Every structure is written in C-alpha cells, then in structure tokens.
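What follows is a set of notes on a single structure, which appears directly below.
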Amino acid sequence: METIDQAFVLGKRAALNWMSAFLPDWTMVFVSIIISATAIVIFGPVTMMYLTWFERKLVGRIQNRFGPNRVGPWGLLQPIADGIKMLTKEDIVPEHADKFAHFLAPVVIVIPALLIFSVVPFGRGMVAVDLSIGILFFLALSSTTTIWIFVASWGSRNKFSLLGGMRSVAQMISYEIPMVLSVVPVLLVVGSFSTVSIVEAQSGWNWFIFTPWGIAGFLVFFLTGVAEVNRTPFDLPEGESEIVAGFHTEYSGMKFALFYMAEFMNAFSISGIVATAYLGGWQGPWLPSWAWFFIKTYALVFVMMWFRGTFPRLRVDQLMGFAWKVLLPLTLANIFIAALWLNLESPKNNLISALVLVAIVTIIYWANRPEVPKKRIYRYAYED
Amino acid sequence: MFGLGVLKGMWVTFKNFVLSYFSKDHLVTVQYPEEKIPEKERFRNFPFLIYDDKPEDLRCVSCDICAKECPPKCITIVRDSDAQGKPLKRPKVFDIDFSICMNCGICEEVCPFDAIFMDHEFEIAEFGRFEDLNYHKEDLLKSNEYFAKIRPQDVARIDAKRREKTKKTEPPQTTPTT
Amino acid sequence: MDIFGLIGPASFYGFMAGILVLAVLTVTTRNLFHSAIFLAFTLIGVACIYFFLRAEFLGGVQILLYVGAIMTLVIFAIMLTAKMGDPSIPQSNRQRLPVFLALAALAFLLVPQIVKTSWKVVESLKTTSAVELGQALMSEFVLPFELISIVLLAALIGAIAIARSDQ
C-alpha cells in the first residue's frame, strides 16, 4: 500500500540513486530538477491530448453519438492522429499581421500553463516545488494568460481576433477578482499559501467542501475557473457562431494546437487546484493518494465538459452581471462567513455560518431577481 | 424558480450521456460501413437496364426517349444495326455517365418499354473522374430477378402490366424483345 | 562544490543581463505594441529576481499586479493609440539636449552617493513570509492600510457613479 502510494516518489529516488553512481554530487540537484520538469512537460501535453479525446467522446455521448471511435480501439489513437495532422499542416501567417506578436503569443501562452503544474500536489509528496506561495503563484500565472491572448488577437490583424481578444480581456479581468477572493477563506483557515499545507489541513474527512463556506467557495472558485479558461458557457472569446474562432482565428497548424494545448492544460490544472483547495486534494481512504487526486480532478474536468454539452453561451451583459453582481458579493460575504466559522466553537459555528450563508444567498438572489416588466394594458380611445 | 433551469438542463444531458451506454434509442449513429440502414423500397439512385432471361434479351429498344428527356443529358444511345445496315431494335451502345446523372428518375418515368429503372446501389465511388464513372451497357445490365428483389411492389405491378400487353399482342406473335 | 557555488551567481547575473536587454528593447523598439510586450517580459524578469532572492510573495504579487493587471491596462491604452507602428514618427523631440544635461547633472549627484552608501547586506537570505506581512499590515501599519482601502473605496464608488446610467 505504502509503495503504491509513493510509487512515483520512489521511482524518482531510484533513478537518482542509479545516476548518483556515475554523476558527480553537485549535479544531483539539477538531475532532480530535470526529472521533475521532464515529468511535468510530458504529463501536460499528454493530458491535453487525452482531454481532447475525452471531451469529444463525452460530448458525443451527450448528443447520442459515439464520438471518435475509428482510430484505434475506442478512438484512443485519435489524439495522436490529430497531432500528426497539426504538425504537418501549413503554417499560415496573414500578410499584414504583426509577425513578431503573431509568432510569440502561442509560444509563450503554453509556459504559464505548464508552470502551474509545478505547484499542483499530485499526491503525497508528489509536488514539483512546494512553494510557500503556491496558490498565489497559480493565480499570478493564470492572470498572465490574458496578455498573450490579447497579443495573439492584436498580432493577427483581424477584426474577429481583436473582438475575441477584447472580450477575453474583459472577461478574464472580471473573473480574476471573484477567483482570488474565493480562495481567501481557504487561506484564512489554513494560514498558508502552500498547496501542500492546504491539502494537509484537510486530512481525514475534513474536506473544506463539507463546511458552509466551503460549498460557496467551491462553487465560486470552480465557476470562475471555468470562466478563466474560456470554456462553455463562458467561451465568449472564441464564440464560434459569432466571431469565427475569436483570438485564434488566424492561427493554423501547430500554433493553433499550442493555444488548444494551453486551454486544456489550464482546464486540467484549474480542476486540480480546485480539488486541492476544496475537495481535499489527494486525501481519501483506501486508494493511493495520487489516485484520489486524479479521481477528483477528472470528476471536475467531467463537470466542465458536461457544462460544455449542456449550456449555450452567455451574453456579454449576463457574463459581466454574473461576475460583478453575484459572484463578487458572494465571495466577499464568504470571507466573513469563513471568519465567523473560524472564531466560533465547533458545533455552533457550522450552524451559524450556514444560516448567514443562506441569508446572504437569499439577499443576492433577491437583488438579482429578473426584472419582469409590468403587463401593459391597452385601452382604446373610445373606452374613455 | 429562476436558476433551476440550469440544473434541469444538466439532468437532461446527464440522462442522455448515461443512457447512451444502455439503450439503442439514445445512440442513434449507424456505424456505416459495418452496419447499414436497410434501404426503403422507393429509394432510388442510379439507373440500370433490365433484361428478362438472359443478358441478350434486354427490354430496351433504343427508342432514345430517355436520352432526350434526361435533364443533364447523361445517357448516350447508339442503335445497333445488322449486317445490311438495317437498324435493329436494340442498342449497340448504351452509356450512362454517373458523374453527370442527378438521380432524378425521369428516364424511368418516360420509358414506354419498362427497360430502365432506378437502382439501390450507391457505393460506386471511383478514383477516376471521367471514364471510371461512365457506365457501359454491360455494367448497366441487371436481371429482372434482381429488380424483383429490390423493388418487389413495382415488379409485381410492371410484370402484370407486361403480361397483359403480351396477351393483347399475342395473335401477331412477334414480340419486340428479339 | 566550487562549480555549484558559481552556477548560482552566474545564472543570477545572466538573468539580470537578460532583463536589462529586455528593458533596453522596451525603450528602443519603434513599435509601441512590441515595447509593451518587452515591458511585460521585463516585469516578469523582475518577478523572477524576487524569486531568486527568496521573496516569493513579492514575486507572486509582482506578476499578479504588474503583469496580470497593469500590463493589460497598458495594452488597452496602446490599442487606443493612433499610428503606433509608424517608424516615421520621431521617438524624441527637440528638447533632447536640455533633458540630457539635466539628467547628466542628476546622475552626477546621485551616482557617487549610491556608490558611497554602505548597503546593509543580509548574509543569509530570509524568506519573507506572507503571514508576517499580513500581521504587520494589520498591526503596525494599520493606519496606512486603512487609508489605502478608503482611497480604493472612493475610487470604486466614483467608478460606479460615472458608469451608472442616468435614469
């Protein structure tokens, strides 16, 4: 059990031991870094490839279709076929495009997506770097994605690209705020930014989602996460039916694939971070720790794709209204609720904070009730 | 209640997702080359020529009506002639260019001799654009039994009509089929 | 061990050189949009310096605020600029000489002072903990902290007042 749990950690240690026999001591630090980095760099794109397969399969089943099932058993080789196709496609750069920006954006956008994996705790002791600012690091990196999306859209010199880029910037800035605020309760309770200590604080069945503030925080964090990675129903930046493909309209071949890769890796890492912050990360009984992490993360990824199969795209005003009128007050109130929960004694605190949460949700719901215009009564002139 | 529609929609898609693994009604895709939807009798595709007993006895008398009526003009007919140059009531060349044919079925409608009918065969993809799709008389010929298999109702009606006709023209004893 | 001792400083100074190159590119590039991109890279580089010096919290905040938020604003401002990529527009104007003289005088005053000052060098790098920062903000520096929040609140209310449609 212990060996299965620590399989990857032990594997890395064995590799280090084997290499230390013929490499000088001072290189071991670098070898260790390189092993972790290689693992992440391989894991990221492979995850992305199979997430595309998973999404197509799932959305297909939702629409009563099979999804890809021709290349390999159950279409399992489809991502590889797609990859080969992407690599061999012609790379088209529009004549009047800003060549430098057009080239730079897809290359750089993958970097934050990959870097985020370095603070995701995949299992007990399975985190590349236990940064003391883990969650903040994740938030900071995911906020930089905005710029590269905008650079891509500006560099393409295409009106649809620019529209998509501007929508993306407006959306990501708006959703950044509730996203940052929705993690604050966790930091408040744990007292640390580090992803590892956040998971350790949820040992046993003390997952944060089982507390009143945890439910609200989880929902807001997850929804803002979905919005951050531009997935349905928040996929206005790439709304196919309105603006062709949004910011990546002018991209083809591998450059397009890089955007896709960044999007899917972000979707995965956001699911992982949400699972870490609220669903107890790798905590769980019976199964090895990394299995629990992947079960939770893939459950969240499943929900993301389920959203994609269900919801139509939001309108821009609905999108902004949802962020500023619903999520922001809810997160601000949630910080207060978490503080209440933290400072009251154990049996009482759940009840009181739940009551406050219900009251606040009711108020927000009431304040956001849809405005039904008064029914008009038509009267003919002769009736007077 | 406002907001409940979101959950309702998710329930619908989830139901469809799960049922697609259990019920055929929730997985409507037909995996084409392996499984096929049985063709309906009235399904029509490219035309073929019909013969009665042996391939020489084709019903076509090369009257050229179908070639004249054909809207895209995909039918080419050359009348056969005997050694003296006397024209015979059978075609020497009967070509239908399937790359031009638009499957309208007018040839079938206008044929007074019930010699040309629309087929059910649709998997005729070829690599060449020109000669590969230009079907000649030999490729077009199909027996009446085959026709009875794909369109039993029509065959019953047409065969009855033809029997009636041959009965009426029995006394002169010269059937047009030779 | 010698090599390991060397690699740290070497990569640090190499990094610094890279940031300087990016900064120079920021001010010399003719295309405003490109210089904004280089500025973003420079700011990320500065954040990396913080990471080098174990001030991880500052580094994270630097990326979050400068790269994530302020650069977006800058790019939006550039987007509204006309003729941003035209190389015929002069980069400097006619007051080049007076400005140069004034700057030279300033440098003449400042540089010797900077060189003379004995900087307090901490031998062992201490990690700046976010917890300590937060406690300092809530106890010792609570007045400036609250003042800043009042300013922000005023700005927020002002923004709402401006954005609100007249009814």
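Residues are named by chain letter and number: chains run A, B, ... in the order of the structure tokens, numbers start at 1 in each chain, and ligands are numbered from 1 in the order shown.
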Using only C-alpha atoms, which residues of chain A come within 10 Å of chain C, and what is the closest atom pair for each, with the distance in Å to one decimal? Give it as CSV, sorted by chain and residue number.
```
residue,atom,partner,partner_atom,distance
A:Pro24,CA,C:Met1,CA,9.7
A:Asp25,CA,C:Met1,CA,8.3
A:Trp26,CA,C:Phe4,CA,6.2
A:Thr27,CA,C:Phe4,CA,8.2
A:Val29,CA,C:Phe4,CA,9.6
A:Asp98,CA,C:His34,CA,9.3
A:Phe100,CA,C:His34,CA,8.0
A:Ala101,CA,C:His34,CA,7.4
A:Leu104,CA,C:Ile37,CA,9.5
A:Ala105,CA,C:Ile37,CA,9.8
A:Leu131,CA,C:Glu56,CA,7.9
A:Ser132,CA,C:Glu56,CA,7.3
A:Ile133,CA,C:Phe57,CA,6.0
A:Gly134,CA,C:Gly60,CA,9.2
A:Ile135,CA,C:Gly60,CA,9.5
A:Leu136,CA,C:Gly60,CA,6.1
A:Phe137,CA,C:Gly60,CA,5.5
A:Phe138,CA,C:Gly60,CA,8.8
A:Leu139,CA,C:Leu64,CA,7.1
A:Ala140,CA,C:Leu64,CA,4.2
A:Leu141,CA,C:Ile63,CA,7.2
A:Ser142,CA,C:Gly68,CA,8.3
A:Ser143,CA,C:Gly68,CA,4.8
A:Thr144,CA,C:Gly68,CA,4.8
A:Thr145,CA,C:Gly68,CA,8.0
A:Thr146,CA,C:Gly68,CA,7.2
A:Ile147,CA,C:Thr72,CA,6.2
A:Trp148,CA,C:Ile37,CA,9.0
A:Phe150,CA,C:Ile75,CA,8.4
A:Val151,CA,C:Ile37,CA,8.0
A:Trp154,CA,C:Met79,CA,8.6
A:Gly155,CA,C:Phe33,CA,9.2
A:Met166,CA,C:Phe76,CA,8.8
A:Val169,CA,C:Thr72,CA,7.7
A:Ala170,CA,C:Thr72,CA,9.8
A:Met172,CA,C:Gly68,CA,9.9
A:Ile173,CA,C:Ala69,CA,7.6
A:Glu176,CA,C:Gly68,CA,9.5
A:Gly191,CA,C:Val131,CA,7.4
A:Ser192,CA,C:Val131,CA,7.4
A:Phe193,CA,C:Ala130,CA,8.1
```
For chain A against chain B, with a cut-off of 10 Å and counting only C-alpha atoms, what is the closest atom pair and its distance in Å to one decimal for every residue that makes the cut, ordered by chain and number, as a Markdown table?
```
| residue | atom | partner | partner_atom | distance |
| --- | --- | --- | --- | --- |
| A:Leu58 | CA | B:Phe17 | CA | 7.4 |
| A:Val59 | CA | B:Phe17 | CA | 8.2 |
| A:Gly60 | CA | B:Phe17 | CA | 8.4 |
| A:Arg61 | CA | B:Phe17 | CA | 5.0 |
| A:Ile62 | CA | B:Phe17 | CA | 4.3 |
| A:Gln63 | CA | B:Asn16 | CA | 7.1 |
| A:Asn64 | CA | B:Leu27 | CA | 4.5 |
| A:Arg65 | CA | B:Leu27 | CA | 5.6 |
| A:Phe66 | CA | B:Thr29 | CA | 6.9 |
| A:Gly67 | CA | B:Thr29 | CA | 9.6 |
| A:Asn69 | CA | B:Gln31 | CA | 9.8 |
| A:Arg70 | CA | B:Gln31 | CA | 10.0 |
| A:Val303 | CA | B:Met10 | CA | 9.7 |
| A:Trp306 | CA | B:Met10 | CA | 7.4 |
| A:Phe307 | CA | B:Met10 | CA | 7.4 |
| A:Gly309 | CA | B:Thr13 | CA | 7.0 |
| A:Thr310 | CA | B:Met10 | CA | 5.9 |
| A:Phe311 | CA | B:Gly9 | CA | 7.6 |
| A:Tyr365 | CA | B:Phe2 | CA | 9.1 |
| A:Asn368 | CA | B:Phe2 | CA | 10.0 |
| A:Arg369 | CA | B:Phe2 | CA | 7.8 |
| A:Pro370 | CA | B:Phe2 | CA | 7.9 |
```
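Near range 178-184 of chain A, within a cut-off of 8 Å and counting only C-alpha atoms, sit the residues A:Leu139, A:Ser174, A:Tyr175, A:Glu176, A:Val186, A:Leu187, A:Leu188, A:Gly217, A:Phe218, A:Val220, A:Phe221, A:Thr224, A:Gly225, A:Ala277, A:Ala323, A:Leu327, A:Leu328, A:Thr331, A:Leu332, A:Asn334, A:Ile335, with same-chain residues fewer than 2 positions away left out.
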Taken to one decimal, the CA of Thr3 in chain A-CA of Phe22 in chain A distance is 26.4 Å
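In this model, the gap between CA of Pro47 in chain B and CA of Ala160 in chain B comes to 21.7 Å.
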Would you kindly return, as a PyMOL selection string, each protein, DNA or RNA residue with an atom no farther than 12 Å from any atom of Ala152 in chain A, considering only C-alpha atoms and excluding same-chain residues fewer than 5 positions away?
(chain A and resi 93+97-109+145-147+157-158+160-166+168-169+246-251+255-256+258-259) or (chain C and resi 33+37)
